[in-house]
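Asks: upload03.txt is reproduced below (compact mmCIF, C-alpha atoms and all ligand atoms).
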```txt
# COMPACT_ATOMS: atom_id res chain seq x y z
CA MET A 68 31.78 -29.56 -15.98
CA ASP A 69 30.32 -26.10 -15.48
CA VAL A 70 28.35 -25.26 -12.39
CA TYR A 71 25.90 -22.38 -12.36
CA LEU A 72 25.45 -20.86 -8.92
CA ASP A 73 24.27 -17.41 -9.99
CA ASN A 74 20.52 -17.96 -10.03
CA ALA A 75 19.82 -14.67 -8.25
CA ALA A 76 21.25 -12.93 -11.34
CA THR A 77 19.13 -14.98 -13.69
CA THR A 78 17.93 -18.54 -14.22
CA ALA A 79 17.75 -20.97 -17.12
CA VAL A 80 14.38 -21.08 -18.83
CA ALA A 81 12.55 -24.24 -17.73
CA PRO A 82 11.72 -26.72 -20.54
CA GLU A 83 8.04 -26.53 -19.49
CA VAL A 84 8.17 -22.76 -19.97
CA ALA A 85 9.87 -22.95 -23.37
CA GLU A 86 7.30 -25.56 -24.42
CA ALA A 87 4.42 -23.26 -23.47
CA MET A 88 6.01 -20.36 -25.35
CA MET A 89 6.80 -22.10 -28.65
CA PRO A 90 3.27 -22.39 -30.06
CA VAL A 91 2.62 -18.76 -29.15
CA LEU A 92 5.75 -17.66 -31.03
CA GLN A 93 4.78 -19.73 -34.02
CA GLU A 94 1.01 -19.39 -34.15
CA ALA A 95 -0.37 -16.59 -31.94
CA TYR A 96 1.18 -13.76 -33.93
CA GLY A 97 -1.85 -11.49 -34.02
CA ASN A 98 -1.68 -8.06 -32.43
CA PRO A 99 -3.81 -8.35 -29.27
CA SER A 100 -5.26 -4.89 -29.93
CA SER A 101 -6.54 -5.88 -33.39
CA SER A 102 -10.27 -6.40 -33.68
CA HIS A 103 -10.06 -9.40 -36.05
CA ALA A 104 -10.23 -13.00 -34.88
CA ILE A 105 -6.46 -13.58 -35.09
CA GLY A 106 -5.82 -10.57 -32.83
CA ARG A 107 -8.67 -11.49 -30.47
CA LYS A 108 -7.16 -14.95 -30.07
CA THR A 109 -3.94 -13.36 -28.80
CA ARG A 110 -5.88 -11.06 -26.45
CA VAL A 111 -7.55 -14.13 -24.93
CA ILE A 112 -4.14 -15.77 -24.36
CA ILE A 113 -2.84 -12.66 -22.56
CA GLU A 114 -5.89 -12.31 -20.34
CA GLN A 115 -5.83 -16.02 -19.50
CA SER A 116 -2.20 -15.62 -18.41
CA ARG A 117 -3.06 -12.56 -16.31
CA ARG A 118 -5.91 -14.43 -14.60
CA SER A 119 -3.74 -17.45 -13.91
CA ILE A 120 -0.96 -15.34 -12.32
CA ALA A 121 -3.50 -13.38 -10.25
CA LYS A 122 -5.00 -16.62 -8.96
CA HIS A 123 -1.62 -17.74 -7.60
CA LEU A 124 -1.27 -14.42 -5.78
CA ASN A 125 -4.89 -14.17 -4.62
CA CYS A 126 -5.47 -10.81 -6.24
CA HIS A 127 -7.70 -9.37 -8.96
CA PRO A 128 -6.30 -9.83 -12.51
CA SER A 129 -6.72 -6.11 -13.19
CA SER A 130 -4.05 -5.44 -10.53
CA ILE A 131 -1.38 -7.05 -12.73
CA TYR A 132 0.35 -4.67 -15.18
CA PHE A 133 2.86 -6.45 -17.43
CA THR A 134 6.23 -4.73 -17.82
CA SER A 135 9.62 -5.58 -19.31
CA GLY A 136 10.77 -6.84 -15.91
CA GLY A 137 11.68 -5.79 -12.38
CA THR A 138 13.54 -2.58 -13.22
CA GLU A 139 10.66 -1.14 -15.20
CA ALA A 140 8.13 -2.21 -12.57
CA ASP A 141 10.14 -0.52 -9.78
CA ASN A 142 10.39 2.64 -11.90
CA LEU A 143 6.68 2.56 -12.67
CA ALA A 144 5.71 2.37 -8.99
CA LEU A 145 8.04 5.11 -7.75
CA ARG A 146 7.62 7.48 -10.66
CA GLY A 147 3.86 6.89 -10.67
CA ALA A 148 3.57 7.64 -6.96
CA ILE A 149 5.34 10.97 -7.43
CA ARG A 150 3.70 11.93 -10.69
CA ASP A 151 0.16 10.68 -10.24
CA LEU A 152 -0.44 10.07 -6.54
CA GLN A 153 0.84 13.35 -5.09
CA CYS A 154 3.65 11.74 -3.08
CA GLU A 155 6.36 14.22 -2.21
CA ARG A 156 8.69 11.93 -0.33
CA ILE A 157 10.27 8.51 -0.84
CA ILE A 158 11.50 6.55 2.15
CA THR A 159 13.80 3.73 1.10
CA SER A 160 17.16 2.26 2.11
CA ASP A 161 20.64 2.33 0.64
CA ALA A 162 20.67 -1.49 0.53
CA GLU A 163 17.93 -1.56 -2.13
CA HIS A 164 18.52 -2.77 -5.66
CA SER A 165 19.74 0.01 -7.95
CA ALA A 166 16.39 -0.08 -9.78
CA VAL A 167 14.90 1.48 -6.64
CA ILE A 168 17.72 3.54 -5.16
CA LYS A 169 18.78 5.14 -8.44
CA THR A 170 15.16 5.88 -9.39
CA ALA A 171 14.58 7.53 -6.01
CA GLN A 172 17.75 9.61 -6.38
CA SER A 173 16.77 10.59 -9.89
CA LEU A 174 13.32 11.72 -8.67
CA GLU A 175 15.00 13.71 -5.91
CA ARG A 176 17.02 15.56 -8.56
CA SER A 177 14.27 15.97 -11.17
CA HIS A 178 11.23 16.60 -8.96
CA GLY A 179 12.80 17.98 -5.78
CA ILE A 180 11.15 15.29 -3.67
CA GLN A 181 12.37 14.48 -0.18
CA LEU A 182 14.43 11.29 0.01
CA ASP A 183 14.86 9.69 3.42
CA LEU A 184 16.88 6.54 4.07
CA VAL A 185 15.79 4.22 6.82
CA ARG A 186 18.48 2.68 9.04
CA HIS A 187 19.19 -1.01 9.39
CA HIS A 188 20.01 -3.12 12.41
CA GLU A 189 23.39 -4.83 12.43
CA ASP A 190 21.92 -7.98 10.88
CA GLY A 191 20.56 -6.02 7.90
CA SER A 192 16.92 -5.90 8.98
CA VAL A 193 15.13 -2.56 8.69
CA ASP A 194 14.97 -0.52 11.91
CA LEU A 195 11.19 -0.31 12.28
CA ASN A 196 11.43 2.28 15.07
CA HIS A 197 13.36 4.56 12.75
CA LEU A 198 10.82 3.98 9.99
CA GLU A 199 8.03 4.86 12.42
CA GLN A 200 9.84 8.06 13.43
CA LEU A 201 10.29 9.04 9.78
CA LEU A 202 6.65 8.34 9.00
CA ALA A 203 5.38 10.35 11.99
CA SER A 204 5.81 13.62 10.11
CA GLY A 205 6.46 14.86 6.61
CA PRO A 206 4.62 15.08 3.29
CA LYS A 207 2.66 12.33 1.52
CA THR A 208 5.06 9.42 1.22
CA ILE A 209 5.77 6.21 -0.63
CA VAL A 210 7.94 3.71 1.26
CA SER A 211 9.96 1.35 -0.94
CA LEU A 212 11.64 -1.54 0.85
CA MET A 213 12.52 -4.83 -0.75
CA HIS A 214 11.23 -8.16 0.53
CA ALA A 215 14.53 -10.09 0.33
CA ASN A 216 17.88 -8.58 -0.45
CA ASN A 217 19.32 -10.01 -3.66
CA GLU A 218 22.89 -9.98 -2.33
CA VAL A 219 22.80 -10.84 1.37
CA ALA A 220 19.44 -12.64 1.61
CA VAL A 221 18.03 -10.60 4.50
CA VAL A 222 14.23 -10.93 4.47
CA GLN A 223 12.18 -7.97 5.71
CA ASP A 224 8.85 -8.28 7.49
CA LEU A 225 6.45 -7.00 4.82
CA LYS A 226 3.45 -7.27 7.10
CA ALA A 227 5.03 -5.13 9.81
CA ILE A 228 6.35 -2.52 7.35
CA GLY A 229 3.07 -2.41 5.42
CA SER A 230 1.03 -2.01 8.60
CA LEU A 231 3.24 0.89 9.70
CA CYS A 232 2.74 2.51 6.30
CA ARG A 233 -1.04 2.01 6.46
CA SER A 234 -1.34 3.49 9.93
CA ASN A 235 0.67 6.53 8.85
CA GLY A 236 -1.13 7.10 5.55
CA ALA A 237 1.89 6.17 3.39
CA LEU A 238 1.91 4.02 0.27
CA PHE A 239 4.07 0.90 0.33
CA HIS A 240 6.03 -0.57 -2.58
CA SER A 241 8.13 -3.68 -2.16
CA ASP A 242 10.60 -5.06 -4.68
CA THR A 243 9.69 -8.74 -4.44
CA VAL A 244 11.82 -9.76 -7.41
CA GLN A 245 13.87 -12.29 -5.42
CA THR A 246 10.97 -13.81 -3.48
CA MET A 247 8.20 -13.99 -6.05
CA CYS A 248 7.58 -17.65 -6.92
CA HIS A 249 9.98 -18.77 -4.18
CA TYR A 250 7.49 -17.95 -1.42
CA ALA A 251 3.68 -17.97 -1.48
CA PHE A 252 1.97 -14.56 -1.52
CA ASP A 253 -1.58 -13.76 -0.48
CA LEU A 254 -2.13 -10.24 -1.71
CA GLU A 255 -5.62 -10.02 -0.20
CA ALA A 256 -3.99 -10.29 3.21
CA LEU A 257 -0.67 -8.48 2.70
CA PRO A 258 -0.70 -4.69 3.34
CA VAL A 259 1.13 -3.67 0.15
CA ASP A 260 0.18 -1.21 -2.58
CA PHE A 261 2.75 -2.19 -5.20
CA ILE A 262 4.99 -5.23 -5.64
CA THR A 263 7.31 -6.14 -8.51
CA CYS A 264 8.05 -9.34 -10.38
CA SER A 265 10.66 -10.45 -12.90
CA ALA A 266 10.15 -13.79 -14.69
CA HIS A 267 13.81 -14.54 -15.33
CA LYS A 268 14.46 -15.02 -11.59
CA PHE A 269 12.32 -18.16 -11.52
CA HIS A 270 13.03 -19.97 -14.79
CA GLY A 271 10.83 -17.73 -16.94
CA PRO A 272 12.00 -15.70 -19.93
CA LYS A 273 13.96 -12.46 -19.70
CA GLY A 274 12.26 -9.20 -20.60
CA ILE A 275 8.95 -9.77 -18.83
CA GLY A 276 7.59 -9.09 -15.37
CA PHE A 277 4.83 -7.05 -13.83
CA LEU A 278 3.88 -4.44 -11.34
CA TYR A 279 1.04 -5.35 -9.01
CA ILE A 280 -1.00 -2.26 -8.23
CA LYS A 281 -3.56 -2.51 -5.46
CA LYS A 282 -7.13 -2.13 -6.65
CA GLY A 283 -8.33 1.46 -6.39
CA ILE A 284 -4.92 3.02 -7.14
CA GLN A 285 -4.79 4.58 -10.60
CA LEU A 286 -1.49 5.47 -12.22
CA GLY A 287 -1.30 7.63 -15.33
CA GLY A 288 0.43 6.58 -18.53
CA GLN A 289 4.18 6.35 -18.11
CA ILE A 290 5.16 4.96 -21.45
CA GLU A 291 3.06 7.02 -23.82
CA GLY A 292 1.64 5.37 -26.90
CA GLY A 293 -1.21 2.95 -27.26
CA SER A 294 -3.63 2.19 -24.46
CA GLN A 295 -2.17 -1.22 -23.61
CA GLU A 296 -2.09 -2.25 -19.93
CA ARG A 297 -5.01 0.06 -19.22
CA ALA A 298 -3.05 2.99 -20.69
CA VAL A 299 -0.36 2.75 -18.00
CA ARG A 300 2.21 1.23 -20.31
CA GLY A 301 1.83 1.68 -24.05
CA GLY A 302 3.38 -0.78 -26.51
CA THR A 303 2.30 -4.04 -28.11
CA GLU A 304 2.29 -6.79 -25.50
CA SER A 305 5.00 -9.45 -25.62
CA THR A 306 2.56 -12.33 -25.87
CA HIS A 307 5.06 -15.20 -25.85
CA ASN A 308 6.87 -13.72 -22.85
CA ILE A 309 3.61 -13.22 -20.96
CA VAL A 310 2.73 -16.88 -21.60
CA GLY A 311 6.24 -17.85 -20.43
CA LEU A 312 5.80 -15.82 -17.25
CA ALA A 313 2.48 -17.53 -16.51
CA ALA A 314 4.01 -20.96 -17.21
CA ALA A 315 6.92 -20.20 -14.85
CA PHE A 316 4.36 -19.20 -12.21
CA ASP A 317 2.51 -22.49 -12.68
CA LEU A 318 5.73 -24.47 -12.46
CA ALA A 319 6.89 -22.67 -9.30
CA HIS A 320 3.52 -23.11 -7.62
CA SER A 321 3.25 -26.78 -8.59
CA ASP A 322 6.07 -27.82 -6.24
CA MET A 323 7.01 -24.81 -4.12
CA GLU A 324 7.58 -26.76 -0.91
CA ALA A 325 9.65 -29.50 -2.55
CA HIS A 326 11.66 -26.86 -4.42
CA GLU A 327 12.39 -25.00 -1.19
CA GLU A 328 13.39 -28.21 0.57
CA HIS A 329 15.70 -29.17 -2.33
CA ILE A 330 17.47 -25.82 -2.31
CA ARG A 331 17.71 -25.59 1.48
CA HIS A 332 19.43 -28.98 1.43
CA LEU A 333 21.98 -27.81 -1.18
CA LYS A 334 22.63 -24.57 0.69
CA ALA A 335 23.07 -26.35 4.03
CA THR A 336 25.59 -28.72 2.41
CA MET A 337 27.48 -25.75 1.00
CA VAL A 338 27.55 -24.07 4.44
CA THR A 339 28.80 -27.26 6.14
CA GLY A 340 31.42 -27.75 3.43
CA LEU A 341 32.68 -24.16 3.71
CA ARG A 342 32.89 -24.42 7.52
CA ALA A 343 34.93 -27.60 7.10
CA LEU A 344 37.31 -25.83 4.69
CA PHE A 345 37.78 -22.57 6.61
CA SER A 346 37.67 -22.00 10.35
CA ASP A 347 37.08 -18.26 9.78
CA VAL A 348 34.42 -18.21 7.08
CA ARG A 349 31.55 -15.73 7.61
CA PHE A 350 28.16 -15.47 6.02
CA ASN A 351 27.23 -11.87 5.26
CA GLY A 352 23.76 -10.90 6.45
CA ASN A 353 23.59 -14.22 8.35
CA SER A 354 22.73 -15.64 4.97
CA ASP A 355 23.34 -19.16 6.33
CA ASP A 356 20.42 -18.69 8.73
CA ALA A 357 17.14 -20.47 7.93
CA SER A 358 15.20 -17.19 8.23
CA ARG A 359 17.09 -15.73 5.25
CA LEU A 360 16.22 -16.02 1.55
CA TYR A 361 16.86 -19.72 0.98
CA THR A 362 18.22 -19.33 -2.55
CA VAL A 363 21.12 -17.01 -1.64
CA LEU A 364 24.34 -17.52 0.35
CA ASN A 365 26.78 -14.61 0.67
CA VAL A 366 30.18 -15.87 1.78
CA SER A 367 32.97 -13.77 3.27
CA PHE A 368 36.15 -15.82 2.83
CA PRO A 369 39.11 -15.50 5.23
CA PRO A 370 41.81 -13.01 4.15
CA HIS A 371 43.91 -14.57 1.40
CA PRO A 372 46.43 -13.27 -1.18
CA LYS A 373 44.14 -14.37 -4.02
CA SER A 374 41.00 -12.68 -2.60
CA GLY A 375 40.90 -10.02 -5.31
CA MET A 376 40.97 -12.69 -8.03
CA ALA A 377 38.59 -15.19 -6.42
CA LEU A 378 35.61 -14.54 -8.71
CA PHE A 379 37.78 -14.79 -11.81
CA LEU A 380 39.61 -17.90 -10.58
CA LEU A 381 36.36 -19.66 -9.75
CA ASP A 382 35.11 -18.82 -13.23
CA LEU A 383 38.25 -20.47 -14.65
CA GLU A 384 37.46 -23.51 -12.50
CA GLY A 385 33.99 -23.66 -14.11
CA VAL A 386 31.98 -22.18 -11.24
CA ALA A 387 29.70 -19.24 -12.05
CA CYS A 388 28.87 -17.14 -9.01
CA SER A 389 28.90 -13.42 -8.38
CA GLY A 390 30.53 -10.63 -6.41
CA GLY A 391 27.24 -8.81 -5.87
CA SER A 392 24.21 -8.10 -7.98
CA ALA A 393 24.75 -8.71 -11.70
CA CYS A 394 24.26 -4.99 -12.26
CA SER A 395 27.19 -4.12 -9.98
CA SER A 396 29.50 -7.07 -10.66
CA GLY A 397 31.49 -5.14 -13.26
CA ALA A 398 31.97 -2.14 -11.00
CA THR A 399 35.31 -1.68 -9.26
CA LEU A 400 33.73 -0.18 -6.15
CA GLY A 401 32.30 -3.54 -5.13
CA SER A 402 28.88 -4.04 -3.74
CA HIS A 403 26.91 -1.01 -2.52
CA VAL A 404 24.82 -3.39 -0.42
CA LEU A 405 27.81 -4.81 1.47
CA ARG A 406 29.10 -1.30 2.06
CA SER A 407 25.79 0.14 3.19
CA LEU A 408 25.14 -2.76 5.58
CA LYS A 409 28.75 -2.55 6.82
CA PHE A 410 29.56 -6.11 5.75
CA HIS A 411 32.29 -4.96 3.37
CA ASP A 412 35.83 -5.99 4.39
CA PRO A 413 38.55 -5.02 1.86
CA ASN A 414 40.74 -7.93 3.01
CA ARG A 415 38.16 -10.56 2.30
CA ALA A 416 36.52 -11.83 -0.87
CA SER A 417 32.74 -11.74 -0.55
CA LEU A 418 31.00 -13.95 -3.07
CA ARG A 419 27.35 -14.70 -3.65
CA PHE A 420 26.31 -18.25 -4.45
CA SER A 421 22.68 -18.55 -5.47
CA PHE A 422 20.82 -21.76 -6.13
CA GLY A 423 18.09 -22.77 -8.54
CA ARG A 424 15.83 -25.63 -9.51
CA TYR A 425 18.43 -27.43 -11.64
CA ASN A 426 21.32 -27.42 -9.17
CA THR A 427 22.33 -30.78 -7.76
CA MET A 428 24.42 -32.06 -4.88
CA ALA A 429 27.16 -32.81 -7.44
CA ASP A 430 27.22 -29.08 -8.28
CA VAL A 431 27.79 -28.20 -4.63
CA GLU A 432 30.57 -30.78 -4.28
CA PHE A 433 32.19 -29.49 -7.48
CA ALA A 434 32.00 -25.88 -6.24
CA LEU A 435 33.48 -26.78 -2.85
CA ALA A 436 36.40 -28.59 -4.50
CA ALA A 437 37.02 -25.58 -6.78
CA ILE A 438 36.86 -23.17 -3.83
CA LYS A 439 39.39 -25.33 -1.99
CA ARG A 440 41.80 -25.12 -4.94
CA VAL A 441 41.34 -21.36 -5.36
CA PHE A 442 41.95 -20.60 -1.68
CA SER A 443 44.71 -23.22 -1.16
N1 LIG B 1 15.19 -5.98 -8.12
C1 LIG B 1 15.96 -6.97 -7.63
C2 LIG B 1 15.96 -7.24 -6.16
C3 LIG B 1 16.75 -7.74 -8.48
O1 LIG B 1 17.51 -8.71 -8.00
C4 LIG B 1 16.72 -7.46 -9.88
C5 LIG B 1 17.58 -8.21 -10.82
O2 LIG B 1 18.77 -8.28 -10.66
C6 LIG B 1 15.89 -6.41 -10.33
C7 LIG B 1 15.15 -5.70 -9.43
C8 LIG B 1 15.81 -6.05 -11.78
O3 LIG B 1 15.01 -6.95 -12.49
P1 LIG B 1 15.11 -7.04 -14.10
O4 LIG B 1 16.40 -7.70 -14.41
O5 LIG B 1 13.92 -7.88 -14.48
O6 LIG B 1 15.00 -5.66 -14.62
```
Let me see the structure of the file written as structure tokens.
Ligand code: PLP

Replies:
Amino acid sequence: MDVYLDNAATTAVAPEVAEAMMPVLQEAYGNPSSSHAIGRKTRVIIEQSRRSIAKHLNCHPSSIYFTSGGTEADNLALRGAIRDLQCERIITSDAEHSAVIKTAQSLERSHGIQLDLVRHHEDGSVDLNHLEQLLASGPKTIVSLMHANNEVAVVQDLKAIGSLCRSNGALFHSDTVQTMCHYAFDLEALPVDFITCSAHKFHGPKGIGFLYIKKGIQLGGQIEGGSQERAVRGGTESTHNIVGLAAAFDLAHSDMEAHEEHIRHLKATMVTGLRALFSDVRFNGNSDDASRLYTVLNVSFPPHPKSGMALFLLDLEGVACSGGSACSSGATLGSHVLRSLKFHDPNRASLRFSFGRYNTMADVEFALAAIKRVFS
């Protein structure tokens, strides 16, 4: 038996999604920019998908710009704000995904922009007083703070951060890659200018996502070429992936509450099981708390001689989990998020278990038994 508990890295494509994509792959091959009927048919499919996604988010379809995923969407927002919207400063945090933090650092080097990092409280939440102090002076700014942290599950208050940005004349981008389709969004009500989405985090295909851009904000072309995506992002649209993204949205929104309940139940069982196994287990970022991202549990195991091998040994036992974000799991330095939030302890193995739609109670029991063997 193999158990997959790395759903924050990526998820399996849902059968409903694959089913929606197949006829597009086989039949809707026209270039959506072509003027003939076969091309126009593909254009209709893309625009139907855009409308359907926008409806779930309560926003205008023209606010959705398809991209290759979360990384590109984060880049588009930050680079666009500097290049096209006269922002001269980025305020972000060192616990952001590398798609944001590395882009901000790169813009600091290439464009000489000011880069300010907001502090966190001990529990990993953003220090709003510090953010307010930073926003009180300085040049035109874009704030980029993620909704839920992909490693330690801390959820930030988007409404509070967005309102602070609004009242100080700053733009607000949030990387919502880990929360999109796990929580309901009402973008008419939420004070955000940009949010990002990646389909493969909620049982959609890899290589597709979008940037939501609030109506009235106009970015210039970032990938030069054709005038696709209203000339913001040239390149022939990935029609089958766009249809897969829309199908994954439909699936997630068809049973969001039941899905959340299912996963919360699995996570709670995992927490109870780990507490029964180890008197000194800790949950980084209070990721066991109900207020945290319900799909992610970051476990700090008690000091043990096999700590350094834990991820590898669990893999041998048939349990797939992670030591951080998938992008950093191969790095020897460990997780930049754990270090920046001061959760890193060199004596302890910190592992992320993340749950998805297809996990079962048997998976959790299997993982607990494997963990017991590894740490025995
Ligand atoms: N942002 C967050 C919070 C993520 O977890 C990820 C994926 O690991 C990304 C961005 C990047 O998304 P993608 O893999 O679609 O480029």

Asks: Hey, which bits of chain A sit within 6 Å of ligand LIG 1 (chain B), and for each residue what's the closest pair of atoms and how far apart in Å (one decimal), counting all atoms listed in the file, rows by chain and increasing number, as JSON lines?

Replies:
```
{"residue": "A:Ala76", "atom": "CA", "partner": "B:LIG1", "partner_atom": "O2", "distance": 5.3}
{"residue": "A:Gly136", "atom": "CA", "partner": "B:LIG1", "partner_atom": "O5", "distance": 3.6}
{"residue": "A:Gly137", "atom": "CA", "partner": "B:LIG1", "partner_atom": "O3", "distance": 3.5}
{"residue": "A:Thr138", "atom": "CA", "partner": "B:LIG1", "partner_atom": "O6", "distance": 3.7}
{"residue": "A:His164", "atom": "CA", "partner": "B:LIG1", "partner_atom": "C2", "distance": 5.2}
{"residue": "A:Ala166", "atom": "CA", "partner": "B:LIG1", "partner_atom": "C7", "distance": 5.8}
{"residue": "A:Asn217", "atom": "CA", "partner": "B:LIG1", "partner_atom": "O1", "distance": 4.9}
{"residue": "A:Asp242", "atom": "CA", "partner": "B:LIG1", "partner_atom": "N1", "distance": 5.8}
{"residue": "A:Val244", "atom": "CA", "partner": "B:LIG1", "partner_atom": "C1", "distance": 5.0}
{"residue": "A:Gln245", "atom": "CA", "partner": "B:LIG1", "partner_atom": "C2", "distance": 5.5}
{"residue": "A:Ser265", "atom": "CA", "partner": "B:LIG1", "partner_atom": "O5", "distance": 4.4}
```

Asks: Name all residues at most 10 Å from A:Ala335 (count all atoms listed in the file; drop same-chain ones fewer than 5 positions away) and give them as number ranges by chain.

Replies: A: 330, 340-341, 355-357, 361, 364

Asks: Select, from A:Leu360, A:Ala148, A:Leu435, A:Val221, the residue with the minimum atom-to-atom distance to A:His188, counting only C-alpha atoms.

Replies: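 Smallest distance to A:His188 is found for A:Val221.
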
Asks: Between A:Met428, A:Ala104, A:Val348, A:Ile438, which one has atoms that come closest to A:Arg415, using only C-alpha atoms?

Replies: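 Once distances to A:Arg415 are computed over only C-alpha atoms, the minimum belongs to A:Val348.
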
Asks: Could you please determine the separation between atom CA of A:His371 and atom CA of A:Val441 in Å, to one decimal place?

Replies: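 Value for the atom CA of A:His371-atom CA of A:Val441 distance: 9.9 Å.
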
Asks: As a ChimeraX atom specification, please: the residues near stretch 111-128 of chain A (cut-off 8 Å, only C-alpha atoms, same-chain neighbours under 2 positions excluded).

Replies: /A:107-109,130-131,251-255,282,306,309-310,313,316-317,320

Asks: Include C-alpha atoms and write out the residues we just selected as a PDB file, in the coordinates of the input.

Replies:
```
ATOM      1  CA  ARG A 107      -8.670 -11.490 -30.470  1.00  0.00           C
ATOM      2  CA  LYS A 108      -7.160 -14.950 -30.070  1.00  0.00           C
ATOM      3  CA  THR A 109      -3.940 -13.360 -28.800  1.00  0.00           C
ATOM      4  CA  SER A 130      -4.050  -5.440 -10.530  1.00  0.00           C
ATOM      5  CA  ILE A 131      -1.380  -7.050 -12.730  1.00  0.00           C
ATOM      6  CA  ALA A 251       3.680 -17.970  -1.480  1.00  0.00           C
ATOM      7  CA  PHE A 252       1.970 -14.560  -1.520  1.00  0.00           C
ATOM      8  CA  ASP A 253      -1.580 -13.760  -0.480  1.00  0.00           C
ATOM      9  CA  LEU A 254      -2.130 -10.240  -1.710  1.00  0.00           C
ATOM     10  CA  GLU A 255      -5.620 -10.020  -0.200  1.00  0.00           C
ATOM     11  CA  LYS A 282      -7.130  -2.130  -6.650  1.00  0.00           C
ATOM     12  CA  THR A 306       2.560 -12.330 -25.870  1.00  0.00           C
ATOM     13  CA  ILE A 309       3.610 -13.220 -20.960  1.00  0.00           C
ATOM     14  CA  VAL A 310       2.730 -16.880 -21.600  1.00  0.00           C
ATOM     15  CA  ALA A 313       2.480 -17.530 -16.510  1.00  0.00           C
ATOM     16  CA  PHE A 316       4.360 -19.200 -12.210  1.00  0.00           C
ATOM     17  CA  ASP A 317       2.510 -22.490 -12.680  1.00  0.00           C
ATOM     18  CA  HIS A 320       3.520 -23.110  -7.620  1.00  0.00           C
TER      19      HIS A 320
END
```

Asks: Ranking A:Lys281, A:His326, A:His187, A:Arg146 by minimum distance to A:Asp161 and counting only C-alpha atoms, which one comes first?

Replies: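 For A:Asp161, the nearest of the given residues is A:His187.
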
Asks: Could you tell me how far atom CA of A:Ser402 sits from atom CA of A:His197, in Å to one decimal place?

Replies: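 For atom CA of A:His197 relative to atom CA of A:Ser402, the distance reads 24.2 Å.
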
Asks: May I have the protein, DNA and RNA residues with any atom at most 12 Å from the point (1.0, 13.9, -10.0), counting only C-alpha atoms, written as a ChimeraX atom specification?

Replies: /A:145-155,178,207,285-289

Asks: Can you tell me how far atom CA of A:His249 sits from atom CA of A:Ser358, in Å to one decimal?

Replies: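 Those two atoms sit 13.6 Å apart.
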
Asks: Could you give me, as an NGL selection string, the residues within 9 Å of A:Leu378, counting only C-alpha atoms and dropping anything in the same chain fewer than 4 positions from it?

Replies: :A and (374 or 382-383 or 386-390 or 416 or 418)

Asks: Hey, which of A:Asn308, A:Asp224, A:Ala325, A:Ser417 ends up closest to A:Gly375? Count all atoms listed in the file.

Replies: A:Ser417
